[in-house]
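What follows is the content of run.cif, which has mmCIF, C-alpha atoms and all ligand atoms:
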data_query
loop_
_atom_site.label_atom_id
_atom_site.label_comp_id
_atom_site.auth_asym_id
_atom_site.auth_seq_id
_atom_site.Cartn_x
_atom_site.Cartn_y
_atom_site.Cartn_z
CA MET A 93 -10.49 -10.87 6.30
CA SER A 94 -8.33 -7.76 6.87
CA ARG A 95 -7.03 -5.76 3.96
CA LEU A 96 -3.28 -5.92 3.34
CA ARG A 97 -1.35 -3.04 1.82
CA ILE A 98 1.76 -4.16 -0.02
CA ALA A 99 4.61 -1.77 -0.87
CA LEU A 100 6.22 -2.51 -4.23
CA ALA A 101 9.44 -0.89 -5.45
CA LYS A 102 9.57 0.88 -8.79
CA GLY A 103 12.51 -0.23 -10.93
CA ARG A 104 14.08 -3.60 -11.52
CA LEU A 105 12.07 -5.53 -8.89
CA PHE A 106 8.68 -4.18 -9.97
CA GLU A 107 7.73 -6.52 -12.85
CA PRO A 108 8.87 -9.76 -11.17
CA SER A 109 7.10 -8.71 -7.95
CA VAL A 110 3.86 -8.00 -9.82
CA ALA A 111 4.20 -11.36 -11.62
CA ARG A 112 4.49 -13.28 -8.31
CA PHE A 113 1.43 -11.58 -6.86
CA ARG A 114 -0.48 -12.25 -10.07
CA GLN A 115 0.43 -15.95 -9.83
CA ALA A 116 -0.65 -15.84 -6.19
CA GLY A 117 -4.11 -14.56 -7.20
CA ALA A 118 -3.63 -10.82 -6.68
CA ALA A 119 -3.21 -9.23 -10.12
CA ILE A 120 -2.44 -5.51 -9.87
CA ALA A 121 -5.13 -3.31 -11.44
CA GLU A 122 -4.50 -1.17 -14.51
CA ASN A 123 -2.90 2.09 -13.47
CA GLY A 124 -4.02 4.55 -16.16
CA ASP A 125 -1.24 7.09 -16.67
CA GLY A 126 0.87 5.46 -13.96
CA ARG A 127 0.53 8.35 -11.52
CA LYS A 128 -1.59 6.60 -8.91
CA LEU A 129 0.41 5.37 -5.94
CA LEU A 130 -2.28 3.24 -4.29
CA ILE A 131 -3.58 0.59 -6.68
CA GLY A 132 -6.15 -2.15 -6.15
CA SER A 133 -5.89 -5.77 -7.26
CA SER A 134 -8.04 -8.68 -8.41
CA ASP A 135 -8.09 -9.74 -4.75
CA PRO A 136 -10.21 -7.23 -2.80
CA SER A 137 -8.17 -7.95 0.34
CA ILE A 138 -4.93 -6.76 -1.27
CA GLU A 139 -3.87 -3.31 -2.47
CA PHE A 140 -0.51 -2.09 -3.65
CA LEU A 141 1.52 0.99 -2.83
CA VAL A 142 4.11 1.72 -5.53
CA VAL A 143 7.08 3.65 -4.18
CA LYS A 144 10.77 4.33 -4.69
CA PRO A 145 12.96 1.32 -3.79
CA ALA A 146 14.56 3.01 -0.77
CA ASP A 147 11.10 3.84 0.61
CA VAL A 148 9.82 0.24 0.85
CA PRO A 149 11.56 -0.59 4.17
CA VAL A 150 10.49 2.78 5.58
CA TYR A 151 6.81 2.31 4.70
CA VAL A 152 6.78 -1.24 6.06
CA GLU A 153 8.63 -0.44 9.27
CA SER A 154 6.27 2.46 10.00
CA GLY A 155 3.16 0.42 9.21
CA ALA A 156 2.10 2.63 6.29
CA ALA A 157 2.30 -0.68 4.41
CA ASP A 158 1.77 -4.10 5.99
CA LEU A 159 4.18 -5.91 3.70
CA GLY A 160 6.61 -5.10 0.93
CA ILE A 161 9.09 -6.51 -1.51
CA THR A 162 12.54 -5.02 -1.44
CA GLY A 163 16.12 -6.00 -2.21
CA THR A 164 18.48 -7.21 0.51
CA ASP A 165 20.81 -4.34 -0.43
CA VAL A 166 18.19 -1.66 0.20
CA LEU A 167 16.90 -3.45 3.32
CA ARG A 168 20.31 -3.80 4.99
CA GLU A 169 21.26 -0.26 4.05
CA SER A 170 18.05 1.06 5.63
CA GLY A 171 18.55 -0.78 8.91
CA ALA A 172 14.74 -1.06 9.13
CA ASP A 173 13.31 -3.28 11.87
CA VAL A 174 10.96 -5.54 9.90
CA LEU A 175 10.21 -9.24 9.61
CA GLU A 176 11.65 -11.12 6.65
CA PRO A 177 9.30 -14.07 6.22
CA LEU A 178 10.13 -15.07 2.64
CA GLU A 179 12.96 -14.94 0.11
CA MET A 180 11.38 -14.36 -3.26
CA GLN A 181 13.83 -16.29 -5.50
CA PHE A 182 14.35 -13.44 -7.95
CA GLY A 183 16.35 -10.23 -8.16
CA PHE A 184 19.64 -11.98 -7.51
CA CYS A 185 22.64 -9.66 -7.61
CA ARG A 186 25.59 -8.69 -5.46
CA LEU A 187 27.04 -5.61 -3.86
CA VAL A 188 30.73 -5.44 -4.69
CA VAL A 189 33.85 -3.38 -4.33
CA ALA A 190 35.13 -2.46 -7.78
CA THR A 191 38.10 -0.48 -9.01
CA PRO A 192 39.55 0.61 -12.33
CA ALA A 193 41.35 -2.41 -13.83
CA ALA A 194 44.76 -0.76 -13.52
CA SER A 195 44.38 0.31 -9.89
CA PRO A 196 46.42 -1.44 -7.25
CA TYR A 197 44.21 -3.28 -4.78
CA PRO A 198 43.69 -3.43 -1.86
CA ALA A 199 46.53 -1.09 -0.86
CA LEU A 200 47.01 2.27 -2.53
CA PRO A 201 50.52 3.54 -3.10
CA GLY A 202 52.02 5.86 -0.51
CA GLY A 203 49.64 4.82 2.24
CA VAL A 204 46.89 6.92 0.68
CA THR A 205 43.49 6.41 2.28
CA ALA A 206 40.96 5.25 -0.25
CA ARG A 207 37.81 7.21 -1.04
CA VAL A 208 34.70 5.22 -1.92
CA ALA A 209 31.83 6.33 -4.12
CA THR A 210 28.62 4.56 -3.20
CA LYS A 211 24.88 4.83 -2.73
CA TYR A 212 25.33 2.41 0.19
CA PRO A 213 27.30 4.36 2.82
CA ARG A 214 26.25 2.16 5.75
CA LEU A 215 27.04 -1.13 4.02
CA ALA A 216 30.31 0.21 2.65
CA GLN A 217 31.27 1.34 6.14
CA ALA A 218 30.23 -1.99 7.66
CA SER A 219 32.21 -3.90 5.08
CA VAL A 220 35.31 -2.01 6.17
CA GLU A 221 34.69 -3.07 9.73
CA VAL A 222 34.15 -6.77 9.03
CA ALA A 223 36.83 -7.15 6.38
CA PRO A 224 40.03 -5.23 7.01
CA LEU A 225 41.14 -6.22 3.53
CA LEU A 226 38.60 -3.75 2.21
CA ASN A 227 40.76 -0.75 2.93
CA LEU A 228 38.35 1.15 0.76
CA SER A 229 39.05 4.17 -1.43
CA HIS A 230 39.20 5.31 -5.03
CA TRP A 231 36.82 2.46 -5.38
CA ILE A 232 33.11 2.06 -5.75
CA VAL A 233 30.69 -0.11 -3.80
CA ASP A 234 27.76 -0.83 -6.08
CA LEU A 235 25.27 -3.44 -7.21
CA VAL A 236 26.25 -5.87 -9.95
CA ASP A 237 23.84 -8.01 -11.90
CA THR A 238 25.20 -8.91 -15.34
CA GLY A 239 28.48 -7.02 -14.85
CA ASN A 240 27.86 -5.01 -18.03
CA THR A 241 27.98 -1.66 -16.25
CA LEU A 242 31.33 -2.41 -14.64
CA ARG A 243 32.81 -3.66 -17.92
CA ALA A 244 31.53 -0.65 -19.83
CA ASN A 245 33.34 1.58 -17.35
CA GLY A 246 36.63 -0.33 -17.25
CA LEU A 247 36.03 -1.47 -13.68
CA VAL A 248 36.77 -4.87 -12.17
CA GLU A 249 35.19 -6.61 -9.19
CA ARG A 250 37.53 -6.95 -6.23
CA ALA A 251 35.38 -8.21 -3.37
CA THR A 252 31.78 -9.12 -2.61
CA VAL A 253 30.17 -7.17 0.21
CA LEU A 254 26.70 -8.75 0.12
CA GLN A 255 24.75 -11.34 -1.89
CA CYS A 256 21.35 -9.84 -2.63
CA SER A 257 17.90 -10.94 -3.75
CA ALA A 258 14.33 -9.83 -3.45
CA VAL A 259 12.80 -10.45 -0.05
CA LEU A 260 9.29 -10.13 1.37
CA VAL A 261 9.27 -7.89 4.43
CA ALA A 262 6.48 -7.44 6.96
CA ASN A 263 5.53 -4.94 9.62
CA ARG A 264 5.86 -6.53 13.05
CA ALA A 265 2.49 -5.34 14.38
CA SER A 266 0.54 -6.07 11.17
CA GLN A 267 1.75 -9.62 11.20
CA LYS A 268 -0.03 -10.08 14.54
CA LEU A 269 -3.06 -7.85 14.00
CA LYS A 270 -3.86 -9.23 10.55
CA LEU A 271 -2.65 -12.76 11.14
CA ASP A 272 -5.32 -14.55 9.06
CA ALA A 273 -4.77 -12.43 5.96
CA TYR A 274 -1.02 -12.57 6.48
CA LEU A 275 -0.87 -16.37 6.72
CA ASP A 276 -3.19 -16.78 3.76
CA LEU A 277 -1.02 -14.56 1.56
CA MET A 278 2.18 -16.18 2.78
CA GLU A 279 0.90 -19.60 1.80
CA ARG A 280 -0.07 -18.38 -1.67
CA LEU A 281 3.30 -16.65 -2.20
CA GLU A 282 5.29 -19.65 -0.95
CA ARG A 283 3.50 -21.80 -3.50
CA VAL A 284 4.66 -19.58 -6.41
CA SER A 285 8.12 -18.70 -5.03
CA SER A 286 9.68 -22.16 -4.76
C1 LIG B 301 22.31 -0.89 -10.93
C2 LIG B 301 23.70 -0.61 -10.40
C3 LIG B 301 24.56 -0.67 -11.63
C4 LIG B 301 23.80 -1.63 -12.54
C5 LIG B 301 24.44 -2.99 -12.50
O1 LIG B 301 21.70 0.28 -11.27
O2 LIG B 301 23.78 0.62 -9.73
O3 LIG B 301 24.66 0.60 -12.23
O4 LIG B 301 22.47 -1.74 -12.05
O5 LIG B 301 23.80 -3.91 -13.38
P1 LIG B 301 24.64 -4.76 -14.43
O6 LIG B 301 25.72 -5.47 -13.67
O7 LIG B 301 23.63 -5.73 -15.01
O8 LIG B 301 25.17 -3.82 -15.45
P2 LIG B 301 20.14 0.30 -11.67
O9 LIG B 301 19.98 -0.05 -13.10
O10 LIG B 301 19.37 -0.55 -10.72
O11 LIG B 301 19.76 1.80 -11.52
P3 LIG B 301 20.23 2.83 -10.39
O12 LIG B 301 21.62 3.24 -10.76
O13 LIG B 301 19.23 3.94 -10.50
O14 LIG B 301 20.17 2.10 -9.08
#
Rewrite the coordinates I just gave you, this time as structure tokens.
Ligand code: PRP
Amino acid sequence: MSRLRIALAKGRLFEPSVARFRQAGAAIAENGDGRKLLIGSSDPSIEFLVVKPADVPVYVESGAADLGITGTDVLRESGADVLEPLEMQFGFCRLVVATPAASPYPALPGGVTARVATKYPRLAQASVEVAPLLNLSHWIVDLVDTGNTLRANGLVERATVLQCSAVLVANRASQKLKLDAYLDLMERLERVSS
């Protein structure tokens, strides 16, 4: 069977991703001092590529990795053209518009145009287009999980831009060229993701 290279994101999705693959029979190998990027697994047909979250869609779209696990936020922001065969049922969070509690919302006084601070410029822009209410500015568009970060900074949620979770993504060509390995892995992941 063909070998599959899976891109995993460092950060909050890493441990739950590794846990799902372990349950699916592909336990990631020990990684010494953590500097190795390409890491084998207990399943000789599966190896992992550990990269920055924003790089997962890029590696999968280009075919440098056959599959990957990424967040819907990062995936939509990237605009990558990949398959999305499976929602992983973890990593739930939301991308929201937030403002200081005392700020008027959605309109700013004096017809001032709002400025938005965000790591998601495309999604923030798109949200303006689909929801005129989001007359963004002096606001942030950011990810919320527990809400602790917003609270700690005196910010309140005003609108949800996107519901997010972890999703399995696949390279379009790999899915065809390595169909047997792909279907086999998909079946194993579906079993541990429901
Ligand atoms: C995210 C996000 C918020 C925080 C929200 O950052 O940017 O800062 O988590 O989580 P909370 O609602 O549970 O407080 P993350 O920790 O992923 O790091 P990053 O800023 O490097 O993306």
Using only C-alpha atoms, can you list as an mmCIF file with C-alpha atoms, keeping the file's coordinate frame the residues within 12 Å of (1.9, -6.2, 16.9)?
data_model
loop_
_atom_site.group_PDB
_atom_site.id
_atom_site.type_symbol
_atom_site.label_atom_id
_atom_site.label_comp_id
_atom_site.auth_asym_id
_atom_site.auth_seq_id
_atom_site.Cartn_x
_atom_site.Cartn_y
_atom_site.Cartn_z
ATOM 1 C CA GLU A 153 8.630 -0.440 9.270
ATOM 2 C CA SER A 154 6.270 2.460 10.000
ATOM 3 C CA GLY A 155 3.160 0.420 9.210
ATOM 4 C CA ASP A 158 1.770 -4.100 5.990
ATOM 5 C CA VAL A 174 10.960 -5.540 9.900
ATOM 6 C CA LEU A 175 10.210 -9.240 9.610
ATOM 7 C CA ALA A 262 6.480 -7.440 6.960
ATOM 8 C CA ASN A 263 5.530 -4.940 9.620
ATOM 9 C CA ARG A 264 5.860 -6.530 13.050
ATOM 10 C CA ALA A 265 2.490 -5.340 14.380
ATOM 11 C CA SER A 266 0.540 -6.070 11.170
ATOM 12 C CA GLN A 267 1.750 -9.620 11.200
ATOM 13 C CA LYS A 268 -0.030 -10.080 14.540
ATOM 14 C CA LEU A 269 -3.060 -7.850 14.000
ATOM 15 C CA LYS A 270 -3.860 -9.230 10.550
ATOM 16 C CA LEU A 271 -2.650 -12.760 11.140
#
Give me the chain A side of the contact with ligand LIG 301 (chain B), cut-off 10 Å, one line per residue showing its nearest atom pair and distance in Å at one decimal, counting only C-alpha atoms and all ligand atoms, sorted by chain and residue number, as a tab-separated table.
residue	atom	partner	partner_atom	distance
A:Gly103	CA	B:LIG301	O10	6.9
A:Arg104	CA	B:LIG301	O10	6.2
A:Leu105	CA	B:LIG301	O10	9.0
A:Pro145	CA	B:LIG301	O14	9.0
A:Cys185	CA	B:LIG301	O6	8.0
A:Arg186	CA	B:LIG301	O6	8.8
A:Leu187	CA	B:LIG301	C2	8.9
A:Thr210	CA	B:LIG301	O2	9.0
A:Lys211	CA	B:LIG301	O2	8.2
A:Val233	CA	B:LIG301	O2	9.1
A:Asp234	CA	B:LIG301	O2	5.6
A:Leu235	CA	B:LIG301	C2	4.5
A:Val236	CA	B:LIG301	O6	3.8
A:Asp237	CA	B:LIG301	O6	3.6
A:Thr238	CA	B:LIG301	O7	3.6
A:Gly239	CA	B:LIG301	O6	3.4
A:Asn240	CA	B:LIG301	O8	3.9
A:Thr241	CA	B:LIG301	O8	3.6
A:Leu242	CA	B:LIG301	O8	6.4
A:Arg243	CA	B:LIG301	O8	8.0
A:Ala244	CA	B:LIG301	O8	8.3
A:Asn245	CA	B:LIG301	O8	10.0
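With distances restricted to all atoms listed in the file, A:Pro177 is the closest residue to Leu277 (chain A) from A:Gly163, A:Gly171, A:Pro177, A:Gly126.
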Restricting the calculation to all atoms listed in the file, which member of A:Pro198, A:Gly246, A:Gln255, A:Val142 is positioned closest to Arg127 (chain A)?
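Checking each of A:Pro198, A:Gly246, A:Gln255, A:Val142 against Arg127 (chain A), counting all atoms listed in the file, the winner is A:Val142.
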Do a neighbour search on Tyr151 (chain A) at 12 Å with all atoms listed in the file, toss out local chain neighbours closer than 3 positions, and write the hits as a count of residues only.
31
Out of A:Ile232, A:Ala218, A:Val189, A:Val259, which residue has the shortest atom-to-atom distance to Glu176 (chain A) when counting all atoms listed in the file?
A:Val259
Test item: residues at most 8 Å from Asp272 (chain A), only C-alpha atoms, excluding those fewer than 4 positions along its chain, as a PyMOL selection string:
chain A and resi 93-94+276
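Picture a line from CA of Leu130 (chain A) to CA of Arg280 (chain A); it runs 21.9 Å.
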Mind pulling up the distance from CA of Val166 (chain A) to CA of Ile138 (chain A)?
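Going from CA of Ile138 (chain A) over to CA of Val166 (chain A) covers 23.7 Å.
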Just want the 12 Å neighbourhood of Pro201 (chain A), counted on only C-alpha atoms, with same-chain residues fewer than 5 positions away dropped. Output as a list in words.
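After dropping sequence-adjacent residues, the list is Ser195, Pro196, Ala206, Ser229 and His230 of chain A.
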Using all atoms listed in the file, which of A:Arg283, A:Gln181, A:Thr205, A:Ala216 sits nearest Ser109 (chain A)?
A:Gln181
Put a box with edges along x, y and z around all the listed atoms of region 229-241 of chain A, pad it by 6 Å on each side, then give me its centre and sizes in Å, one decimal, as JSON.
{"center_x": 31.5, "center_y": -1.8, "center_z": -9.7, "size_x": 27.4, "size_y": 26.2, "size_z": 28.6}
Expressed in Å to a single decimal, how great is the separation between CA of Arg250 (chain A) and CA of Gly203 (chain A)?
18.9 Å
For Trp231 (chain A), please output as a VMD selection string all residues within 8 Å (counting all atoms listed in the file; exclusion window: fewer than 4 positions along the same chain).
chain A and resid 189 to 192 206 to 209
